[in-house]
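**Student:** The structure follows.
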Amino acid sequence: MNNNISIKIENLEKSFGEGKSKVSIIKDANFSLNKGEFVALVAPSGAGKTTLLMILGCVLAPTSGKVTIGDEIVYDDKWLVKDDRALRRTKIGFIFQAHYLIPFLNIEENITLLPYENKESPKVVKPRVKAIIDYLDMSDKLKSMPSELSGGQNQRIAIARALANNPDIILADEPTAALDKQRAISVVKMLKKITREKNVTIIMVTHDDSLLPYCDKVLSIKDKKIDIKEN
Ligand SMILES: Nc1ncnc2c1ncn2[C@@H]1O[C@H](COP(=O)(O)OP(=O)(O)O)[C@@H](O)[C@H]1O
Ligand SMILES: [Mg+2]
């Protein structure tokens with residue numbers, strides 16, 4: 001077993017619907033990603049980017065094939081993972097196009113929600129969150145409300161929230177789409193730094209080709225086939 005692999009996909013197929021209304025989205029996908037890699041996922045609208053991310057995040061079942069996360073086979077023509085919610089809570093962080101911070105909780109409460117949900121103790125969570133928020137240069141905002149922050153700042157808090165459970169993998173679905181160019185680049189640099197310093201694998205959906213040079217690999221979906229290129 002290669003201990004450096006964080007995600008392995010074998011013979012993966014995904015379709016929606018049955019019979020005449022069956023729509024095939026992904027066919028015969030095979031790829032693996034290493035720990036600490038920063039990976040872009042590009043494809044036209046409707047090609048299946050979000051679907052693939054949701055499969056990698058164990059939110060959505062493939063139609064067939066095998067999904068391995070770290071050293072655990074989570075799906076092999078059926079779910080093998082005993083507790084998919086626990087797997088998501090402990091190993092995977094999600095970032096979306098909108099930040100989805102909870103408006104009536106302050107920044108600290110938003111970030112600590114998941115670790116406390118995981119029954120981690122404040123003794124462990126508080127210093128970790130402090131380290132993350134210092135790392136993202138947002139330490140003066142812990143007691144602020146989401147409505148008091150700009151779009152770029154809220155997206156950085158969404159990154160902090162995705163890091164709060166110490167995940168091995170972060171799945172980011174168009175995290176920079178709502179940001180202007182300069183802020184998009186700053187978020188992408190931050191994500192790259194996280195892959196390097198925390199050995200987290202990050203898969204980022206993007207429509208912006210100018211962000212691709214920051215990534216180690218580019219995954220693309222074309223005619224239902226997944227292609228992977230080293231950058
Ligand atoms: N739950 C679903 N049921 C049926 N079709 C779906 C479902 N989710 C997504 N699709 C279809 O799968 C295709 C891929 O969707 P999606 O993964 O959201 O694409 P992308 O993120 O690349 O824009 C689209 O044609 C979409 O309509
Ligand atoms: Mg999408």
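Ligands are numbered from 1 in the order shown, chains are lettered A, B, ... in the order of the structure tokens, and residues start at 1 in each chain.
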Per residue of segment 101-213 of chain A within 9 Å of segment 47-71 of chain A, note the shortest atom pair and the distance in Å to one decimal, counting only C-alpha atoms, and order the rows by chain and increasing residue number, as a Markdown table.
**Tutor:**
| residue | atom | partner | partner_atom | distance |
| --- | --- | --- | --- | --- |
| A:Asp168 | CA | A:Gly70 | CA | 8.2 |
| A:Ile169 | CA | A:Gly57 | CA | 8.6 |
| A:Ile170 | CA | A:Gly57 | CA | 8.8 |
| A:Leu171 | CA | A:Leu53 | CA | 6.5 |
| A:Ala172 | CA | A:Leu53 | CA | 8.2 |
| A:Asp173 | CA | A:Thr50 | CA | 6.8 |
| A:Ile203 | CA | A:Leu53 | CA | 8.1 |
| A:Val205 | CA | A:Lys49 | CA | 7.0 |
**Student:** Pick out the residues sitting within 7 Å of Pro146 of chain A, and hand them over as a compact mmCIF listing (two decimals) with C-alpha atoms, in the first residue's frame; count only C-alpha atoms, and ignore anything fewer than 5 positions along from it in its own chain.
**Tutor:**
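Generated output (selection05.txt):
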# COMPACT_ATOMS: atom_id res chain seq x y z
CA LEU A 101 -21.50 30.97 7.54
CA PRO A 103 -25.46 34.57 10.25
CA ASN A 106 -19.99 34.91 15.46
CA ILE A 107 -16.85 33.86 13.58
CA ASN A 154 -15.85 35.53 4.93
**Student:** Just the residues within 10 Å of segment 189-192 of chain A, please, counting only C-alpha atoms, with nothing from its chain fewer than 4 positions along; format it as a PyMOL selection string.
**Tutor:** chain A and resi 36-39+135-136+156+159+170+172+183-185+196-198+200-204+211+214-216
**Student:** Take the residues from that selection and put them in a file with N, CA and C atoms, as a compact mmCIF listing (two decimals), in the first residue's frame.
**Tutor:**
# COMPACT_ATOMS: atom_id res chain seq x y z
N GLY A 36 -1.14 16.18 0.34
CA GLY A 36 -0.46 17.46 0.15
C GLY A 36 -0.52 18.02 -1.25
N GLU A 37 -1.33 17.43 -2.12
CA GLU A 37 -1.43 17.96 -3.48
C GLU A 37 -2.54 18.99 -3.61
N PHE A 38 -2.27 19.98 -4.44
CA PHE A 38 -3.27 20.99 -4.75
C PHE A 38 -3.75 20.73 -6.18
N VAL A 39 -5.02 20.33 -6.30
CA VAL A 39 -5.54 19.82 -7.56
C VAL A 39 -6.70 20.70 -8.05
N TYR A 135 -3.07 31.93 11.51
CA TYR A 135 -2.48 31.48 10.25
C TYR A 135 -3.14 32.21 9.07
N LEU A 136 -4.45 32.42 9.17
CA LEU A 136 -5.18 33.08 8.09
C LEU A 136 -5.24 34.60 8.28
N ARG A 156 -12.31 33.49 3.69
CA ARG A 156 -11.17 33.01 4.49
C ARG A 156 -11.66 32.31 5.76
N ILE A 159 -12.62 28.93 4.89
CA ILE A 159 -11.43 28.07 4.84
C ILE A 159 -11.05 27.64 6.26
N ILE A 170 -9.58 18.60 1.54
CA ILE A 170 -10.54 19.71 1.46
C ILE A 170 -11.10 19.74 0.03
N ALA A 172 -13.26 21.93 -2.49
CA ALA A 172 -13.66 23.33 -2.63
C ALA A 172 -14.36 23.52 -3.97
N ARG A 183 -8.58 39.03 -4.90
CA ARG A 183 -8.98 38.21 -3.75
C ARG A 183 -8.98 36.73 -4.10
N ALA A 184 -9.36 36.43 -5.34
CA ALA A 184 -9.34 35.03 -5.79
C ALA A 184 -7.91 34.50 -5.69
N ILE A 185 -6.94 35.28 -6.17
CA ILE A 185 -5.55 34.82 -6.14
C ILE A 185 -5.07 34.67 -4.69
N ARG A 196 0.81 22.60 1.38
CA ARG A 196 2.23 22.42 1.65
C ARG A 196 2.50 22.25 3.14
N GLU A 197 1.88 23.10 3.94
CA GLU A 197 2.25 23.14 5.36
C GLU A 197 1.46 22.15 6.21
N LYS A 198 0.28 21.77 5.75
CA LYS A 198 -0.53 20.87 6.57
C LYS A 198 -0.72 19.51 5.90
N VAL A 200 -2.44 18.63 3.48
CA VAL A 200 -3.85 18.38 3.13
C VAL A 200 -3.95 18.33 1.60
N THR A 201 -4.74 17.40 1.09
CA THR A 201 -5.03 17.37 -0.35
C THR A 201 -6.22 18.29 -0.60
N ILE A 202 -6.05 19.25 -1.51
CA ILE A 202 -7.17 20.14 -1.81
C ILE A 202 -7.56 19.99 -3.28
N ILE A 203 -8.84 19.77 -3.51
CA ILE A 203 -9.38 19.72 -4.87
C ILE A 203 -10.29 20.93 -5.03
N MET A 204 -9.94 21.76 -5.99
CA MET A 204 -10.65 23.03 -6.16
C MET A 204 -11.27 23.09 -7.56
N LEU A 211 -5.85 30.58 -12.60
CA LEU A 211 -5.52 30.01 -11.29
C LEU A 211 -4.81 28.66 -11.42
N TYR A 214 -1.14 27.66 -10.18
CA TYR A 214 -0.89 27.47 -8.74
C TYR A 214 -1.06 26.00 -8.33
N CYS A 215 -1.68 25.20 -9.21
CA CYS A 215 -2.04 23.83 -8.83
C CYS A 215 -0.98 22.83 -9.28
N ASP A 216 -0.92 21.67 -8.59
CA ASP A 216 0.04 20.62 -8.94
C ASP A 216 -0.48 19.74 -10.07
**Student:** Interatomic distance between atom 25 (O, counted along the ligand's line) of ligand 1 and atom CA of Gly46 of chain A?
**Tutor:**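 Atom-to-atom, atom 25 (O, counted along the ligand's line) of ligand 1 and atom CA of Gly46 of chain A are spaced 4.5 Å apart.
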**Student:** Can you tell me, as a list in words, what residues are no more than 9 Å from segment 114-124 of chain A when counting only C-alpha atoms, ignoring any on the same chain fewer than 3 positions away?
**Tutor:**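 Skipping anything fewer than 3 positions along the chain leaves Ala86, Arg89, Thr90, Asn110, Ile111, Pro127, Arg128, Val129, Arg161, Ala164 and Asn165 of chain A.
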**Student:** Segment 11-181 of chain A: which residues are strand (DSSP E) by DSSP, as number ranges by chain?
**Tutor:** A: 11-16, 23-34, 38-42, 64-69, 72-76, 92-95, 169-173
**Student:** Find the residues near Lys224 of chain A: any atom within 6 Å, counting only C-alpha atoms, skip ones fewer than 4 places away on the same chain, and give them as a list of chain:residue names.
**Tutor:**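 Everything that qualifies: A:Ile25, A:Ile26, A:Lys27.
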**Student:** Excluding Pro175 of chain A and any residue of its chain fewer than 5 positions from it, enumerate the residues within 7 Å of it, using only C-alpha atoms, and give them as a list in words.
**Tutor:** Ile95, Phe96 and Gln97 of chain A
**Student:** Quick one: of A:Asp209, A:Glu174, A:Glu109, A:Asp227, who's nearest to ligand 2, counting only C-alpha atoms and all ligand atoms?
**Tutor:**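 Once distances to ligand 2 are computed over only C-alpha atoms and all ligand atoms, the minimum belongs to A:Glu174.
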